[in-house]
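Colleague: Here it is, the structure, as structure tokens.
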Amino acid sequence: MVKSNNLVKKTAVMAVTAGVAVGLTMGIAPVANAAGENVVFIQGVKGDGFYITMECGVKAAAKKLGVTTSTQGPAKFDATLQRPILASVVASKPDAILIAPNDVNAMQKPLEQAAKSGIKVVLVDTTVKDPSFAVSQIASNNLAGGAAAFAAVKKLVPDGGKVLGIGVKPGISTTDARDKGFQDAVAASGGKYVSVGQQYSNNEPAIAAQITTAALAKDPDLKAIFASNLFSAQGAATGIKQAGKEGQVVVIGFDAGPDQVKALKAGTVQALIAQQPYQIGVQGVNQAVNALRGLPTKKKITTGFSILTKSNIDTPAGKAAQYRSTC
């Protein structure tokens with residue numbers, strides 16, 4: 001009876017070995033192991049509707065592909081807080097990392113070292129100075145998004161006037177591009193629109209509110225503000241309310257988190273540039289898993305955006321474009 005069992009085991013092993021050999025001969029990539037590949041998503045910052053929505057896309061794609069996933073992120077959008085998180089994740093030796101780098105320079109070497117250790121790295125949303133080590137980069141067309149924000153200003157303030165830009169801080173690839181796209185479009189307007197500066201909130205709504213109230217005190221005829229990320233838009237809306245200028249200053253915000261949607265519906269913000277964070281998350285996992293399974297990958301993927309206003313925010317398309325607070 002023991003001999004018979006051994007014969008069965010040997011036959012089964014031979015059959016599995018033969019199946020793998022046939023698969024490799026036919027060019028079919030090996031499937032995931034029983035536990036599934038381990039993919040870690042490192043957010044730019046915790047609690048941001050953009051990254052929460054991206055996490056939802058990560059989880060959905062991971063479930064579909066049979067891989068395990070976890071999410072970590074710093075309490076603030078700060079490379080000094082993100083770097084130790086990355087170091088800890090690398091030490092745990094995951095198969096792949098999806099990450100939104102907090103700084104184009106500060107995160108360069110740590111991510112290069114992660115890739116050299118054999119971990120597949122996918123850059124989602126933001127990038128670094130030299131991303132050649134990455135399996136893929138996936139982000140919105142942020143330069144075009146900044147230009148679209150100015151197009152919205154022109155539509156809402158057709159007579160021209162003074163405009164202000166509020167960003168996060170220099171050195172973040174995405175917001176740098178949005179700020180540039182907006183300011184370039186203002187400069188190309190032929191003087192009809194005049195920029196009163198580009199300021200930075202350091203991703204703090206309270207600082208954005210202070211910038212806004214100070215700008216309105218200095219330039220009471222300010223016509224529009226472009227806030228190039230979620231927290232800057234939130235702070236700009238608060239600053240306008242505090243200054244008693246609701247309905248007098250147009251705010252174009254980037255991103256469409258719950259607070260921004262509320263501000264839009266309340267009339268404090270007149271337009272939102274909504275990205276596609278869910279799709280960025282899905283594509284990030286797809287590219288990481290393709291790399292792990294020996295399938296083709298795309299070095300760069302650009303996702304689109306939607307312009308949300310009061311007139312379309314409650315349409316099916318408008319609702320689909322809004323960010324989530326939970327998955």
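In the structure tokens, each chain is lettered A, B, ... as it comes, each chain's residues begin at 1, and ligands are numbered from 1 in order of appearance.
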If you run DSSP on the backbone, which residues of segment 97-164 of chain A are helix (DSSP H, G or I), as a PyMOL selection string?

Modeller: chain A and resi 108-116+142-156

Colleague: Find the spatial neighbours of Asp48 of chain A, counting only C-alpha atoms, within a cut-off of 12 Å - ignore same-chain residues fewer than 4 positions away - and output them as a list in words.

Modeller: Gln43, Gly44, Ile52, Thr53, Met54, Glu55, Gly73, Pro74, Ala75, Lys76, Phe77, Asn203, Glu204, Asn229, Leu230, Phe231, Ser232, Gln234, Asp255, Ala256, Gly257, Pro258, Asp259, Gln260, Pro277, Tyr323, Arg324, Ser325 and Thr326 of chain A

Colleague: Restricting the output to N, CA and C atoms, write the selected residues as a CSV table (one decimal), in the first residue's frame.

Modeller:
chain,number,residue,atom,x,y,z
A,43,GLN,N,1.4,55.5,0.1
A,43,GLN,CA,0.7,56.7,-0.3
A,43,GLN,C,1.6,57.9,-0.1
A,44,GLY,N,1.2,59.0,-0.8
A,44,GLY,CA,1.9,60.3,-0.6
A,44,GLY,C,1.6,60.8,0.8
A,52,ILE,N,-6.8,57.7,-0.9
A,52,ILE,CA,-7.8,56.6,-0.5
A,52,ILE,C,-8.5,56.0,-1.7
A,53,THR,N,-8.8,56.8,-2.7
A,53,THR,CA,-9.5,56.3,-3.9
A,53,THR,C,-8.5,55.5,-4.7
A,54,MET,N,-7.2,55.9,-4.7
A,54,MET,CA,-6.2,55.1,-5.4
A,54,MET,C,-6.0,53.7,-4.7
A,55,GLU,N,-6.1,53.7,-3.4
A,55,GLU,CA,-6.0,52.5,-2.6
A,55,GLU,C,-7.2,51.5,-3.0
A,73,GLY,N,1.5,55.0,4.7
A,73,GLY,CA,1.6,56.3,4.2
A,73,GLY,C,2.0,57.3,5.4
A,74,PRO,N,2.7,58.3,5.1
A,74,PRO,CA,3.1,59.3,6.1
A,74,PRO,C,1.9,60.2,6.6
A,75,ALA,N,2.0,60.7,7.7
A,75,ALA,CA,0.9,61.6,8.2
A,75,ALA,C,0.9,62.9,7.5
A,76,LYS,N,2.0,63.3,6.9
A,76,LYS,CA,2.1,64.5,6.1
A,76,LYS,C,2.8,64.2,4.8
A,77,PHE,N,2.6,65.1,3.8
A,77,PHE,CA,3.3,64.9,2.6
A,77,PHE,C,4.7,65.5,2.7
A,203,ASN,N,0.9,71.8,1.9
A,203,ASN,CA,-0.1,70.8,2.1
A,203,ASN,C,-1.0,71.0,3.4
A,204,GLU,N,-1.0,72.2,3.9
A,204,GLU,CA,-1.7,72.5,5.1
A,204,GLU,C,-2.9,73.4,4.8
A,229,ASN,N,-3.9,71.4,-5.4
A,229,ASN,CA,-4.2,70.1,-4.8
A,229,ASN,C,-5.3,70.2,-3.8
A,230,LEU,N,-5.7,69.1,-3.3
A,230,LEU,CA,-6.9,69.0,-2.5
A,230,LEU,C,-6.9,69.9,-1.3
A,231,PHE,N,-5.8,69.8,-0.5
A,231,PHE,CA,-5.7,70.6,0.8
A,231,PHE,C,-5.6,72.1,0.5
A,232,SER,N,-4.9,72.5,-0.6
A,232,SER,CA,-4.8,73.9,-0.9
A,232,SER,C,-6.2,74.4,-1.3
A,234,GLN,N,-9.1,73.3,-0.3
A,234,GLN,CA,-9.9,73.3,0.9
A,234,GLN,C,-9.5,74.6,1.7
A,255,ASP,N,-8.4,68.2,-7.8
A,255,ASP,CA,-8.9,67.1,-7.0
A,255,ASP,C,-10.4,67.3,-6.6
A,256,ALA,N,-11.0,66.2,-6.3
A,256,ALA,CA,-12.5,66.2,-6.0
A,256,ALA,C,-12.8,65.3,-4.8
A,257,GLY,N,-12.2,65.6,-3.7
A,257,GLY,CA,-12.5,64.9,-2.5
A,257,GLY,C,-13.8,65.4,-1.9
A,258,PRO,N,-14.3,64.8,-0.9
A,258,PRO,CA,-15.6,65.1,-0.3
A,258,PRO,C,-15.7,66.6,0.1
A,259,ASP,N,-14.6,67.1,0.7
A,259,ASP,CA,-14.7,68.5,1.1
A,259,ASP,C,-14.8,69.5,-0.1
A,260,GLN,N,-14.0,69.1,-1.1
A,260,GLN,CA,-14.0,70.0,-2.3
A,260,GLN,C,-15.4,69.9,-3.0
A,277,PRO,N,-7.7,58.7,-9.8
A,277,PRO,CA,-6.8,57.9,-8.9
A,277,PRO,C,-7.2,56.5,-8.8
A,323,TYR,N,-13.9,61.6,-5.6
A,323,TYR,CA,-13.1,60.7,-4.8
A,323,TYR,C,-13.8,60.1,-3.6
A,324,ARG,N,-13.3,59.0,-3.1
A,324,ARG,CA,-13.9,58.3,-2.0
A,324,ARG,C,-13.3,58.6,-0.7
A,325,SER,N,-14.0,58.4,0.4
A,325,SER,CA,-13.5,58.5,1.7
A,325,SER,C,-13.2,57.2,2.3
A,326,THR,N,-13.8,56.1,1.8
A,326,THR,CA,-13.5,54.7,2.2
A,326,THR,C,-13.7,53.9,0.9

Colleague: Could you give me, as CSV, a per-residue list for segment 117-176 of chain A showing, wherever an atom lies at most 6 Å from an atom of segment 219-226 of chain A, the closest pair of atoms and their distance in Å to one decimal, using only C-alpha atoms and sorting by chain then residue number from low to high?

Modeller:
residue,atom,partner,partner_atom,distance
A:Gly161,CA,A:Lys223,CA,5.8
A:Lys162,CA,A:Leu222,CA,5.0
A:Val163,CA,A:Ala224,CA,4.7
A:Leu164,CA,A:Ile225,CA,4.7
A:Gly165,CA,A:Phe226,CA,4.9

Colleague: Hey, which of A:Asn102, A:Gln283, A:Ser117, A:Thr80 ends up closest to Val58 of chain A? Count only C-alpha atoms.

Modeller: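 Closest candidate: A:Gln283.
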
Colleague: Go through segment 259-315 of chain A and flag each residue having an atom no more than 9 Å from segment 143-158 of chain A; for those, report the closest pair of atoms plus their distance in Å to one decimal, using only C-alpha atoms, ordered by chain and rising number, as a tab-separated table.

Modeller:
residue	atom	partner	partner_atom	distance
A:Gln270	CA	A:Leu156	CA	8.2
A:Ala271	CA	A:Ala152	CA	7.2
A:Leu272	CA	A:Ala149	CA	8.2
A:Ile273	CA	A:Gly145	CA	7.0
A:Gln275	CA	A:Gly145	CA	8.9
A:Gly304	CA	A:Gly145	CA	8.8
A:Phe305	CA	A:Gly145	CA	7.5
A:Ile307	CA	A:Ala148	CA	8.2

Colleague: Please provide the set of residues having any atom within 9 Å of Asp176 of chain A, restricted to only C-alpha atoms, with same-chain residues fewer than 6 positions apart removed, written as a ChimeraX atom specification.

Modeller: /A:142-143,167-170,228

Colleague: Those same residues, written as a short mmCIF file (atom, residue, chain, number, x, y, z; two decimals), in the first residue's frame with C-alpha atoms?

Modeller:
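Output below, filename out08.cif:
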data_model
loop_
_atom_site.label_atom_id
_atom_site.label_comp_id
_atom_site.auth_asym_id
_atom_site.auth_seq_id
_atom_site.Cartn_x
_atom_site.Cartn_y
_atom_site.Cartn_z
CA ASN A 142 -0.72 67.52 -14.87
CA LEU A 143 0.65 70.21 -17.19
CA GLY A 167 0.51 75.03 -4.66
CA VAL A 168 2.03 72.59 -2.15
CA LYS A 169 5.78 73.19 -2.27
CA PRO A 170 8.48 73.09 -4.97
CA SER A 228 -3.36 72.86 -7.32
#
